[in-house]
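The next block is protein_31.cif, given as mmCIF, C-alpha atoms.
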```cif
data_model
#
loop_
_atom_site.label_atom_id
_atom_site.label_comp_id
_atom_site.auth_asym_id
_atom_site.auth_seq_id
_atom_site.Cartn_x
_atom_site.Cartn_y
_atom_site.Cartn_z
CA MET A 1 83.69 -49.09 -115.40
CA GLY A 2 80.74 -49.42 -117.69
CA PRO A 3 80.60 -48.16 -121.23
CA VAL A 4 80.18 -44.49 -122.05
CA PRO A 5 76.47 -43.70 -121.72
CA SER A 6 74.57 -43.70 -124.97
CA TRP A 7 73.24 -40.19 -124.43
CA MET A 8 76.75 -38.88 -124.54
CA SER A 9 78.29 -39.57 -127.87
CA TYR A 10 81.80 -40.86 -127.57
CA LEU A 11 84.68 -38.72 -126.42
CA VAL A 12 85.36 -35.40 -124.91
CA THR A 13 84.30 -31.88 -125.65
CA ASN A 14 86.69 -29.36 -127.00
CA MET A 15 86.57 -27.59 -123.65
CA SER A 16 85.17 -29.10 -120.49
CA THR A 17 86.85 -31.94 -118.69
CA ILE A 18 84.70 -35.02 -118.48
CA ASN A 19 85.90 -37.68 -116.10
CA PHE A 20 83.97 -40.80 -117.03
CA ALA A 21 85.60 -42.82 -114.28
CA ALA A 22 84.52 -40.46 -111.52
CA ARG A 23 81.36 -39.62 -113.49
CA GLU A 24 82.06 -35.91 -113.36
CA ILE A 25 81.76 -33.06 -115.83
CA ASN A 26 83.75 -29.96 -114.97
CA PHE A 27 83.53 -26.51 -116.49
CA LYS A 28 85.98 -23.65 -116.03
CA ILE A 29 84.58 -20.14 -115.82
CA VAL A 30 86.93 -17.18 -115.54
CA TYR A 31 86.07 -13.69 -114.24
CA TYR A 32 88.07 -11.13 -116.20
CA GLY A 33 88.20 -7.33 -116.06
CA PRO A 34 90.25 -4.36 -114.93
CA GLY A 35 91.78 -4.07 -111.46
CA MET A 36 89.35 -3.36 -108.62
CA SER A 37 86.26 -3.90 -110.78
CA GLY A 38 84.85 -6.49 -108.36
CA LYS A 39 85.83 -9.91 -109.72
CA THR A 40 86.85 -11.28 -106.32
CA THR A 41 83.77 -9.68 -104.74
CA ASN A 42 81.60 -11.69 -107.15
CA LEU A 43 83.28 -14.91 -106.06
CA ARG A 44 83.02 -14.03 -102.38
CA TRP A 45 79.29 -13.45 -102.75
CA VAL A 46 78.83 -16.80 -104.43
CA PHE A 47 80.90 -18.42 -101.69
CA GLN A 48 78.80 -16.78 -98.96
CA GLN A 49 75.46 -17.72 -100.47
CA VAL A 50 75.96 -21.24 -101.78
CA PRO A 51 75.18 -23.97 -99.19
CA GLN A 52 78.16 -25.65 -97.57
CA ASN A 53 77.56 -29.01 -99.25
CA ARG A 54 77.55 -27.45 -102.72
CA LYS A 55 80.89 -25.65 -102.63
CA GLY A 56 84.56 -26.26 -101.96
CA GLU A 57 87.12 -23.98 -100.40
CA LEU A 58 87.59 -20.43 -101.64
CA VAL A 59 91.27 -20.21 -102.48
CA SER A 60 92.67 -16.68 -102.83
CA LEU A 61 96.21 -15.96 -103.89
CA ALA A 62 96.28 -12.29 -102.98
CA THR A 63 98.69 -9.64 -101.79
CA GLU A 64 98.51 -8.30 -98.23
CA ASP A 65 96.26 -5.46 -99.35
CA GLU A 66 93.84 -8.02 -100.81
CA ARG A 67 94.67 -7.45 -104.46
CA THR A 68 94.57 -10.68 -106.46
CA LEU A 69 98.11 -11.79 -107.18
CA PHE A 70 97.57 -14.96 -109.19
CA PHE A 71 93.96 -16.10 -108.97
CA ASP A 72 90.96 -16.84 -106.76
CA PHE A 73 89.32 -20.22 -107.12
CA LEU A 74 85.95 -21.58 -106.01
CA PRO A 75 84.48 -24.95 -107.02
CA VAL A 76 80.67 -25.06 -107.06
CA ASP A 77 78.72 -28.33 -107.32
CA LEU A 78 75.65 -28.00 -109.43
CA GLY A 79 74.44 -31.47 -108.57
CA GLU A 80 73.93 -34.66 -110.54
CA VAL A 81 72.55 -34.65 -114.05
CA LYS A 82 71.92 -37.95 -115.79
CA GLY A 83 74.28 -39.71 -113.44
CA PHE A 84 77.10 -37.22 -113.87
CA LYS A 85 78.21 -34.82 -111.13
CA THR A 86 78.38 -31.39 -112.72
CA ARG A 87 80.79 -28.88 -111.30
CA PHE A 88 81.76 -25.33 -112.15
CA HIS A 89 85.25 -24.15 -111.31
CA LEU A 90 85.17 -20.38 -110.90
CA TYR A 91 88.39 -18.41 -111.26
CA THR A 92 89.31 -14.75 -111.19
CA VAL A 93 92.37 -13.26 -112.82
CA PRO A 94 94.49 -10.46 -111.35
CA GLY A 95 93.16 -7.27 -112.93
CA GLN A 96 96.21 -5.09 -112.58
CA VAL A 97 97.90 -4.43 -115.91
CA PHE A 98 101.36 -5.65 -114.90
CA TYR A 99 100.14 -9.13 -113.95
CA ASN A 100 99.47 -10.12 -117.54
CA ALA A 101 101.79 -13.14 -117.51
CA SER A 102 99.80 -14.83 -114.75
CA ARG A 103 96.49 -13.62 -116.19
CA LYS A 104 97.26 -15.44 -119.41
CA LEU A 105 97.96 -18.71 -117.59
CA ILE A 106 94.53 -18.73 -115.94
CA LEU A 107 92.81 -18.65 -119.33
CA ARG A 108 94.10 -22.10 -120.21
CA GLY A 109 91.19 -24.45 -120.69
CA VAL A 110 88.55 -21.77 -120.13
CA ASP A 111 84.95 -22.71 -121.02
CA GLY A 112 83.26 -19.36 -120.38
CA LEU A 113 84.07 -15.82 -119.31
CA VAL A 114 82.46 -13.11 -117.21
CA PHE A 115 83.88 -9.69 -118.00
CA VAL A 116 83.40 -7.48 -114.92
CA ALA A 117 83.46 -3.81 -115.94
CA ASP A 118 83.72 -0.91 -113.51
CA SER A 119 80.94 1.67 -113.87
CA ALA A 120 83.02 4.59 -112.58
CA PRO A 121 83.78 7.26 -115.23
CA ASN A 122 87.50 7.24 -114.49
CA ARG A 123 87.64 3.47 -115.21
CA LEU A 124 86.16 3.61 -118.70
CA ARG A 125 89.55 3.44 -120.37
CA ALA A 126 90.65 0.63 -118.02
CA ASN A 127 87.57 -1.37 -119.08
CA ALA A 128 88.43 -0.90 -122.75
CA GLU A 129 92.07 -1.84 -122.24
CA SER A 130 91.16 -4.93 -120.24
CA MET A 131 88.78 -6.12 -123.00
CA ARG A 132 91.51 -5.60 -125.58
CA ASN A 133 93.92 -7.49 -123.35
CA LEU A 134 91.40 -10.35 -123.06
CA ARG A 135 91.13 -10.62 -126.84
CA GLU A 136 94.91 -10.65 -127.17
CA ASN A 137 95.38 -13.29 -124.49
CA LEU A 138 92.66 -15.51 -125.95
CA ALA A 139 94.31 -15.17 -129.35
CA GLU A 140 97.50 -16.60 -127.88
CA TYR A 141 95.55 -19.79 -127.19
CA GLY A 142 94.14 -19.67 -130.70
CA ILE A 143 90.67 -18.61 -129.55
CA ARG A 144 88.61 -15.78 -131.00
CA ALA A 145 86.51 -13.90 -128.46
CA GLU A 146 83.53 -14.55 -130.74
CA ASP A 147 83.96 -18.30 -130.31
CA ILE A 148 83.67 -18.54 -126.54
CA PRO A 149 80.75 -17.68 -124.23
CA ILE A 150 81.31 -14.23 -122.71
CA VAL A 151 78.86 -12.40 -120.46
CA LEU A 152 79.39 -8.77 -119.46
CA GLN A 153 78.70 -7.39 -116.02
CA ALA A 154 78.60 -3.64 -115.33
CA ASN A 155 79.46 -3.60 -111.66
CA LYS A 156 79.24 -0.84 -109.02
CA ARG A 157 75.93 0.46 -110.37
CA ASP A 158 75.32 2.04 -106.96
CA THR A 159 78.03 4.67 -107.37
CA LEU A 160 76.58 8.17 -107.76
CA ASP A 161 78.38 8.97 -111.00
CA ALA A 162 77.98 5.51 -112.56
CA LEU A 163 78.18 5.77 -116.33
CA PRO A 164 75.16 4.86 -118.46
CA LEU A 165 75.23 1.22 -119.52
CA GLU A 166 75.40 2.19 -123.20
CA MET A 167 78.60 4.12 -122.64
CA ILE A 168 80.31 1.11 -121.05
CA GLN A 169 79.04 -1.16 -123.80
CA ALA A 170 80.34 1.27 -126.39
CA VAL A 171 83.92 0.62 -125.33
CA ILE A 172 83.84 -3.08 -124.48
CA ASP A 173 81.21 -4.40 -126.87
CA PRO A 174 80.39 -1.75 -129.47
CA GLU A 175 78.35 -4.18 -131.58
CA GLN A 176 76.26 -5.07 -128.51
CA ARG A 177 76.72 -8.74 -129.27
CA LEU A 178 77.14 -9.87 -125.66
CA PRO A 179 74.56 -10.02 -122.86
CA ILE A 180 75.18 -7.43 -120.17
CA PHE A 181 74.01 -7.43 -116.54
CA GLU A 182 73.99 -4.60 -114.03
CA ALA A 183 75.43 -5.48 -110.65
CA VAL A 184 76.36 -4.31 -107.21
CA ALA A 185 78.54 -7.24 -106.23
CA THR A 186 79.07 -6.00 -102.67
CA ASN A 187 75.40 -6.71 -101.90
CA GLY A 188 75.02 -9.53 -104.39
CA ALA A 189 72.77 -7.71 -106.87
CA GLY A 190 73.29 -9.20 -110.32
CA VAL A 191 75.93 -11.71 -109.21
CA PHE A 192 73.87 -14.90 -109.62
CA GLU A 193 72.14 -13.58 -112.75
CA THR A 194 75.52 -13.12 -114.40
CA LEU A 195 76.81 -16.51 -113.31
CA LYS A 196 73.65 -18.26 -114.45
CA ALA A 197 73.82 -16.57 -117.83
CA VAL A 198 77.39 -17.62 -118.54
CA SER A 199 76.77 -21.13 -117.19
CA ARG A 200 73.76 -21.55 -119.49
CA GLN A 201 75.79 -20.41 -122.46
CA VAL A 202 78.53 -22.89 -121.61
CA LEU A 203 76.01 -25.72 -121.28
CA SER A 204 74.31 -24.74 -124.54
CA ARG A 205 77.61 -24.75 -126.30
CA VAL A 206 78.41 -28.32 -125.35
CA ALA A 207 74.91 -29.61 -125.87
CA ALA A 208 74.31 -31.31 -129.14
CA ALA A 209 72.09 -29.46 -131.54
CA SER A 210 69.18 -31.80 -131.37
CA MET B 1 89.29 -25.02 -125.82
CA VAL B 2 91.27 -25.67 -128.93
CA GLU B 3 93.79 -27.88 -127.21
CA PRO B 4 93.18 -31.61 -127.01
CA ALA B 5 92.04 -33.19 -123.76
CA ILE B 6 92.60 -36.45 -121.94
CA ALA B 7 89.65 -38.75 -121.44
CA LEU B 8 90.46 -41.57 -119.06
CA PHE B 9 87.89 -44.28 -118.68
CA GLY B 10 87.54 -48.02 -118.73
CA GLY B 11 90.84 -49.84 -119.16
CA ALA B 12 92.97 -46.69 -119.33
CA PHE B 13 91.55 -45.46 -116.04
CA GLU B 14 92.17 -48.83 -114.39
CA LYS B 15 95.74 -48.89 -115.68
CA ALA B 16 96.46 -45.38 -114.45
CA SER B 17 94.97 -46.28 -111.05
CA ARG B 18 97.24 -49.30 -110.79
CA VAL B 19 100.31 -47.21 -111.64
CA LEU B 20 99.44 -44.75 -108.87
CA GLU B 21 98.80 -47.57 -106.38
CA GLU B 22 102.15 -49.14 -107.20
CA LEU B 23 103.84 -45.77 -106.84
CA LEU B 24 102.33 -45.31 -103.37
CA ARG B 25 103.34 -48.83 -102.32
CA GLU B 26 106.93 -48.55 -103.56
CA SER B 27 107.67 -44.98 -102.55
CA GLY B 28 105.85 -44.83 -99.22
CA ALA B 29 104.04 -41.65 -100.27
CA ARG B 30 100.61 -40.66 -98.92
CA TYR B 31 98.72 -39.52 -102.00
CA ALA B 32 99.28 -39.65 -105.75
CA LEU B 33 97.24 -37.73 -108.31
CA LEU B 34 97.13 -37.50 -112.06
CA LEU B 35 95.87 -34.08 -113.17
CA ASP B 36 95.28 -32.41 -116.46
CA ARG B 37 97.04 -29.09 -117.06
CA LYS B 38 93.82 -27.21 -116.48
CA GLY B 39 93.84 -28.33 -112.86
CA PHE B 40 91.21 -31.07 -112.95
CA VAL B 41 91.85 -34.38 -111.21
CA LEU B 42 91.84 -37.35 -113.60
CA VAL B 43 92.76 -40.09 -111.09
CA HIS B 44 93.81 -40.07 -107.46
CA ARG B 45 94.86 -42.73 -105.00
CA GLU B 46 95.57 -42.63 -101.28
CA ALA B 47 97.68 -44.91 -99.12
CA LEU B 48 95.47 -46.92 -96.79
CA TRP B 49 97.30 -45.63 -93.72
CA ALA B 50 97.20 -41.98 -94.77
CA PRO B 51 94.89 -39.46 -93.07
CA ARG B 52 92.16 -37.77 -95.06
CA PRO B 53 93.75 -35.70 -97.84
CA PRO B 54 93.29 -31.94 -98.20
CA ALA B 55 90.64 -30.65 -100.67
CA LEU B 56 91.74 -32.23 -103.93
CA ASP B 57 90.07 -29.59 -106.14
CA SER B 58 92.04 -26.82 -104.50
CA LEU B 59 95.22 -28.85 -104.46
CA ALA B 60 94.96 -29.67 -108.16
CA THR B 61 94.23 -26.08 -109.09
CA LEU B 62 97.20 -24.75 -107.15
CA VAL B 63 99.59 -27.37 -108.52
CA ALA B 64 98.46 -26.72 -112.10
CA GLY B 65 98.85 -22.96 -111.58
CA ASN B 66 102.25 -23.47 -110.03
CA ALA B 67 103.37 -25.74 -112.86
CA ALA B 68 102.11 -23.29 -115.48
CA ALA B 69 103.98 -20.43 -113.82
CA THR B 70 107.14 -22.54 -113.58
CA GLN B 71 107.00 -23.40 -117.28
CA ALA B 72 106.47 -19.75 -118.16
CA LEU B 73 109.58 -18.93 -116.12
CA ALA B 74 111.55 -21.65 -117.89
CA LYS B 75 110.63 -20.20 -121.26
CA MET B 76 111.66 -16.72 -120.13
CA LEU B 77 115.06 -18.13 -119.20
CA GLY B 78 115.39 -19.84 -122.57
CA GLU B 79 114.74 -23.35 -121.29
CA PRO B 80 112.15 -25.48 -123.08
CA ARG B 81 110.95 -26.72 -119.67
CA PHE B 82 111.81 -27.34 -116.04
CA ASN B 83 111.06 -30.97 -115.52
CA GLU B 84 110.02 -31.31 -111.91
CA LEU B 85 108.72 -29.37 -108.96
CA LEU B 86 109.78 -30.31 -105.47
CA HIS B 87 108.61 -28.61 -102.29
CA GLN B 88 109.72 -29.79 -98.88
CA GLY B 89 108.67 -28.64 -95.44
CA SER B 90 109.65 -30.00 -92.06
CA THR B 91 107.00 -32.74 -92.19
CA HIS B 92 105.41 -32.80 -95.63
CA GLY B 93 106.62 -32.61 -99.18
CA MET B 94 105.19 -32.48 -102.67
CA TYR B 95 106.68 -33.66 -105.90
CA ALA B 96 105.19 -32.84 -109.30
CA GLU B 97 106.35 -33.99 -112.70
CA GLU B 98 105.06 -33.43 -116.20
CA VAL B 99 103.30 -36.32 -117.88
CA GLY B 100 103.58 -35.40 -121.54
CA ASP B 101 102.14 -32.08 -122.63
CA LEU B 102 98.71 -32.46 -121.11
CA ALA B 103 99.01 -33.96 -117.65
CA LEU B 104 100.85 -33.76 -114.33
CA LEU B 105 101.73 -36.33 -111.70
CA VAL B 106 101.58 -35.10 -108.11
CA VAL B 107 102.94 -37.06 -105.16
CA ILE B 108 102.39 -35.92 -101.57
CA PHE B 109 104.62 -37.50 -98.96
CA ASP B 110 105.74 -37.09 -95.36
CA ASN B 111 109.19 -37.34 -93.82
CA SER B 112 108.95 -41.11 -93.46
CA ALA B 113 109.50 -41.41 -97.22
CA PRO B 114 112.95 -40.46 -98.54
CA VAL B 115 112.82 -37.86 -101.32
CA GLY B 116 115.17 -39.92 -103.48
CA ARG B 117 112.73 -42.80 -103.45
CA ILE B 118 109.80 -40.51 -104.27
CA LYS B 119 111.64 -39.11 -107.27
CA LEU B 120 112.88 -42.50 -108.47
CA PHE B 121 109.49 -44.17 -108.40
CA GLY B 122 107.79 -40.95 -109.47
CA LYS B 123 109.82 -40.81 -112.68
CA ARG B 124 109.15 -44.49 -113.28
CA ALA B 125 105.41 -43.91 -112.88
CA VAL B 126 105.57 -40.96 -115.29
CA GLN B 127 106.90 -43.24 -118.02
CA SER B 128 103.92 -45.57 -117.69
CA LEU B 129 101.44 -42.73 -117.34
CA GLU B 130 102.80 -41.05 -120.46
CA VAL B 131 101.89 -44.07 -122.52
CA ILE B 132 98.45 -44.37 -120.95
CA THR B 133 97.59 -40.69 -121.35
CA ARG B 134 99.01 -40.51 -124.88
CA ASP B 135 96.55 -43.22 -125.86
CA SER B 136 93.73 -41.33 -124.16
CA VAL B 137 94.16 -37.99 -125.87
CA VAL B 138 91.14 -36.87 -127.78
CA ASN B 139 90.87 -34.02 -130.18
CA PRO B 140 88.65 -30.99 -129.80
CA GLY B 141 85.06 -30.96 -130.78
CA THR B 142 84.35 -34.65 -130.67
CA LEU B 143 81.96 -34.91 -127.78
CA GLU B 144 78.40 -33.88 -127.85
CA ILE B 145 76.30 -33.66 -124.76
CA ASP B 146 72.62 -33.97 -125.50
CA SER B 147 70.08 -31.26 -124.85
CA GLU B 148 68.45 -33.33 -122.10
CA TYR B 149 71.64 -33.00 -120.10
CA ARG B 150 71.73 -29.28 -120.80
CA ASP B 151 68.15 -28.81 -119.66
CA GLY B 152 68.72 -30.85 -116.50
CA ALA B 153 71.79 -28.81 -115.62
CA SER B 154 69.96 -25.62 -116.42
CA ALA B 155 67.17 -26.52 -113.96
CA LEU B 156 69.78 -27.13 -111.28
CA LEU B 157 71.20 -23.66 -111.91
CA ASP B 158 67.80 -22.20 -111.00
CA GLU B 159 67.60 -24.38 -107.93
CA LEU B 160 71.05 -23.33 -106.69
CA PHE B 161 71.07 -19.67 -107.67
CA GLY B 162 67.33 -18.87 -107.65
CA ASN B 163 65.00 -17.93 -110.47
#
```

Take the structure I supplied and represent it as structure tokens, if you would.
Amino acid sequence: MGPVPSWMSYLVTNMSTINFAAREINFKIVYYGPGMSGKTTNLRWVFQQVPQNRKGELVSLATEDERTLFFDFLPVDLGEVKGFKTRFHLYTVPGQVFYNASRKLILRGVDGLVFVADSAPNRLRANAESMRNLRENLAEYGIRAEDIPIVLQANKRDTLDALPLEMIQAVIDPEQRLPIFEAVATNGAGVFETLKAVSRQVLSRVAAAS
Amino acid sequence: MVEPAIALFGGAFEKASRVLEELLRESGARYALLLDRKGFVLVHREALWAPRPPALDSLATLVAGNAAATQALAKMLGEPRFNELLHQGSTHGMYAEEVGDLALLVVIFDNSAPVGRIKLFGKRAVQSLEVITRDSVVNPGTLEIDSEYRDGASALLDELFGN
């Protein structure tokens, strides 16, 4: 093993896992949101589109009716940057309210979050409750939602009665502090844009202000 | 994350590798891994005779999730922790043990290795690994990645996911 490269000042970030020995930098991105909002669909689209040599297995711990029970997991290799393999580990949480205990566990070590909101009018309250639940669960790890990269995604924009974006923002991000993307995850619209946005925020956060 | 992390490199990495190699030799296990609690692999070693291991990323993630769920259960039952996880099938088994607060040791074995031996040498390895990882704990907010790295990674994002 050689010394730590000079471009990387000594030691490890407050978040990502850097394995100097294997020359890897790993980031953990978690898709959060109410049940059935399309978190797993986002991951499946990424899995379908990313070339074979740039992804690992898609692991889904789901019930028989395909509801996420514990989490979905997909590792994506970004490639090599300055001699370090850079990898994003994508997770979803179970959206259903009663799975909060397992949802909380997935947040451990999170570097960035995508909040997938459902655009249907009858899911507006579920979006709001899920955002509140996210804040509470982050607080249990001592993290304020303001201190971690979060990108919003308004999914299912193709539904006929989809709510206006502003109405969804009003309940999950009333101050309009967070970037929001429209998506139809079933056909991939907005999926990569959202993932790129949160990944960039995560990278910016660990980059030295130079 | 606000919690500290383990950074293994140089001498600490070599030491941890040697502990895992010794564990494999003495226990007869196939694979040994040191993970952090977030599910990232810090070090792994394979026995020379062992077939190719399953996807380590997935394995590490599942073990870390399993361990986290087990500890949550322990707390619900009023126990500070359950110390080990043991799963045994007809041919393969897996043994996981906490290494301090931040890491996990995972040993995968087949039915040629007695479970008692796996546990004995596993616990012995944990003692050594605890010392190594304790010395490799770093506190939050101490690493800075330069903007050149960020820009390089950002360009790769466009290449992989399109502009």

Any idea what's packed within 12 Å of Phe71 (chain A), counting only C-alpha atoms, ignoring anything in its chain fewer than 2 positions away? Could you give it as a PyMOL selection string? (chain A and resi 30-32+39-40+43+58-63+66-69+73-74+90-96+99-107) or (chain B and resi 58+61-62+64-66+69)

I'd like the residues picked by the PyMOL selection byres ((chain B and resi 154) around 12) written out as number ranges by chain, using the chain letters and numbers from the file. A: 78-81, 86, 195-204, 207; B: 147-153, 155-163

Can you tell me, as an mmCIF file with C-alpha atoms, in the coordinates of the input, which residues sit within 12 Å of (92.4, -44.1, -107.9) in the file's frame, using all atoms listed in the file?
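Just written: part38.cif:
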```cif
data_model
loop_
_atom_site.group_PDB
_atom_site.id
_atom_site.type_symbol
_atom_site.label_atom_id
_atom_site.label_comp_id
_atom_site.auth_asym_id
_atom_site.auth_seq_id
_atom_site.Cartn_x
_atom_site.Cartn_y
_atom_site.Cartn_z
ATOM 1 C CA ALA A 21 85.600 -42.820 -114.280
ATOM 2 C CA ALA A 22 84.520 -40.460 -111.520
ATOM 3 C CA LEU B 8 90.460 -41.570 -119.060
ATOM 4 C CA PHE B 9 87.890 -44.280 -118.680
ATOM 5 C CA ALA B 12 92.970 -46.690 -119.330
ATOM 6 C CA PHE B 13 91.550 -45.460 -116.040
ATOM 7 C CA GLU B 14 92.170 -48.830 -114.390
ATOM 8 C CA LYS B 15 95.740 -48.890 -115.680
ATOM 9 C CA ALA B 16 96.460 -45.380 -114.450
ATOM 10 C CA SER B 17 94.970 -46.280 -111.050
ATOM 11 C CA ARG B 18 97.240 -49.300 -110.790
ATOM 12 C CA VAL B 19 100.310 -47.210 -111.640
ATOM 13 C CA LEU B 20 99.440 -44.750 -108.870
ATOM 14 C CA GLU B 21 98.800 -47.570 -106.380
ATOM 15 C CA GLU B 22 102.150 -49.140 -107.200
ATOM 16 C CA LEU B 23 103.840 -45.770 -106.840
ATOM 17 C CA LEU B 24 102.330 -45.310 -103.370
ATOM 18 C CA TYR B 31 98.720 -39.520 -102.000
ATOM 19 C CA ALA B 32 99.280 -39.650 -105.750
ATOM 20 C CA LEU B 33 97.240 -37.730 -108.310
ATOM 21 C CA LEU B 34 97.130 -37.500 -112.060
ATOM 22 C CA LEU B 35 95.870 -34.080 -113.170
ATOM 23 C CA VAL B 41 91.850 -34.380 -111.210
ATOM 24 C CA LEU B 42 91.840 -37.350 -113.600
ATOM 25 C CA VAL B 43 92.760 -40.090 -111.090
ATOM 26 C CA HIS B 44 93.810 -40.070 -107.460
ATOM 27 C CA ARG B 45 94.860 -42.730 -105.000
ATOM 28 C CA GLU B 46 95.570 -42.630 -101.280
ATOM 29 C CA ALA B 47 97.680 -44.910 -99.120
ATOM 30 C CA LEU B 48 95.470 -46.920 -96.790
#
```

Please identify all polymer residues within 6 Å of region 87-99 of chain B, counting only C-alpha atoms, omitting same-chain residues fewer than 4 positions from it, and present them as a ChimeraX atom specification. /B:103-111,126,130

Restricting the calculation to only C-alpha atoms: of B:Arg25, B:Arg134, B:Arg37, B:Arg81, which residue gets closest to chain A? B:Arg37

Point-to-point distance from CA of Pro121 (chain A) to CA of Ser37 (chain A), Å rounded to tenths: 12.3 Å

Two-atom distance - CA of Gly109 (chain A), CA of Lys119 (chain B) (Å): 28.5 Å

Residue IDs satisfying the PyMOL selection byres ((chain A and resi 76) around 6), as a list in words: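 Expected selection for the PyMOL selection byres ((chain A and resi 76) around 6) here is Arg54, Lys55, Pro75, Asp77, Arg87 and Phe88 of chain A.
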
Region 152-165 of chain A, all listed atoms, 6 Å padding on each side: what axis-aligned box centre and edge lengths in Å to one decimal come out, as lines of an AutoDock Vina configuration file?
```
center_x = 77.3
center_y = 0.1
center_z = -113.2
size_x = 16.3
size_y = 29.7
size_z = 24.6
```

To test your reading of the syntax: which residues would the PyMOL selection byres ((chain A and resi 128-145) around 7) return for the file shown? Reply as a VMD selection string. (chain A and resid 33 to 34 104 124 to 127 146 to 148 171 to 172) or (chain B and resid 2)

Show which residues sit within 9 Å of Gly38 (chain A), as number ranges by chain. Count only C-alpha atoms, and ignore same-chain residues fewer than 3 positions away. A: 33-35, 41-43, 116-118, 155-156, 184-186

Gap from CA of Arg177 (chain A) to CA of Arg205 (chain A) - Å, one decimal: 16.3 Å

Counting all atoms listed in the file, which of B:Leu120, B:Ala55, B:Ala50, B:Leu102 gets nearest to chain A? B:Ala55

For Trp49 (chain B), which residue out of B:Ala29, B:Ile6, B:Val115, B:Val63 is the nearest one, using only C-alpha atoms? B:Ala29

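Minimum distance to chain B across A:Leu152, A:Val110, A:Val97, A:Met36 (counting all atoms listed in the file) occurs at A:Val110.
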
Restricting the calculation to all atoms listed in the file: of B:Pro80, B:Arg52, B:Lys75, B:Glu26, which residue gets closest to chain A? B:Lys75

Using all atoms listed in the file, which of B:Gln127, B:Ser27, B:Gln71, B:Asn83 sits nearest chain A?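 Ranking B:Gln127, B:Ser27, B:Gln71, B:Asn83 by distance to chain A, first place goes to B:Gln71.
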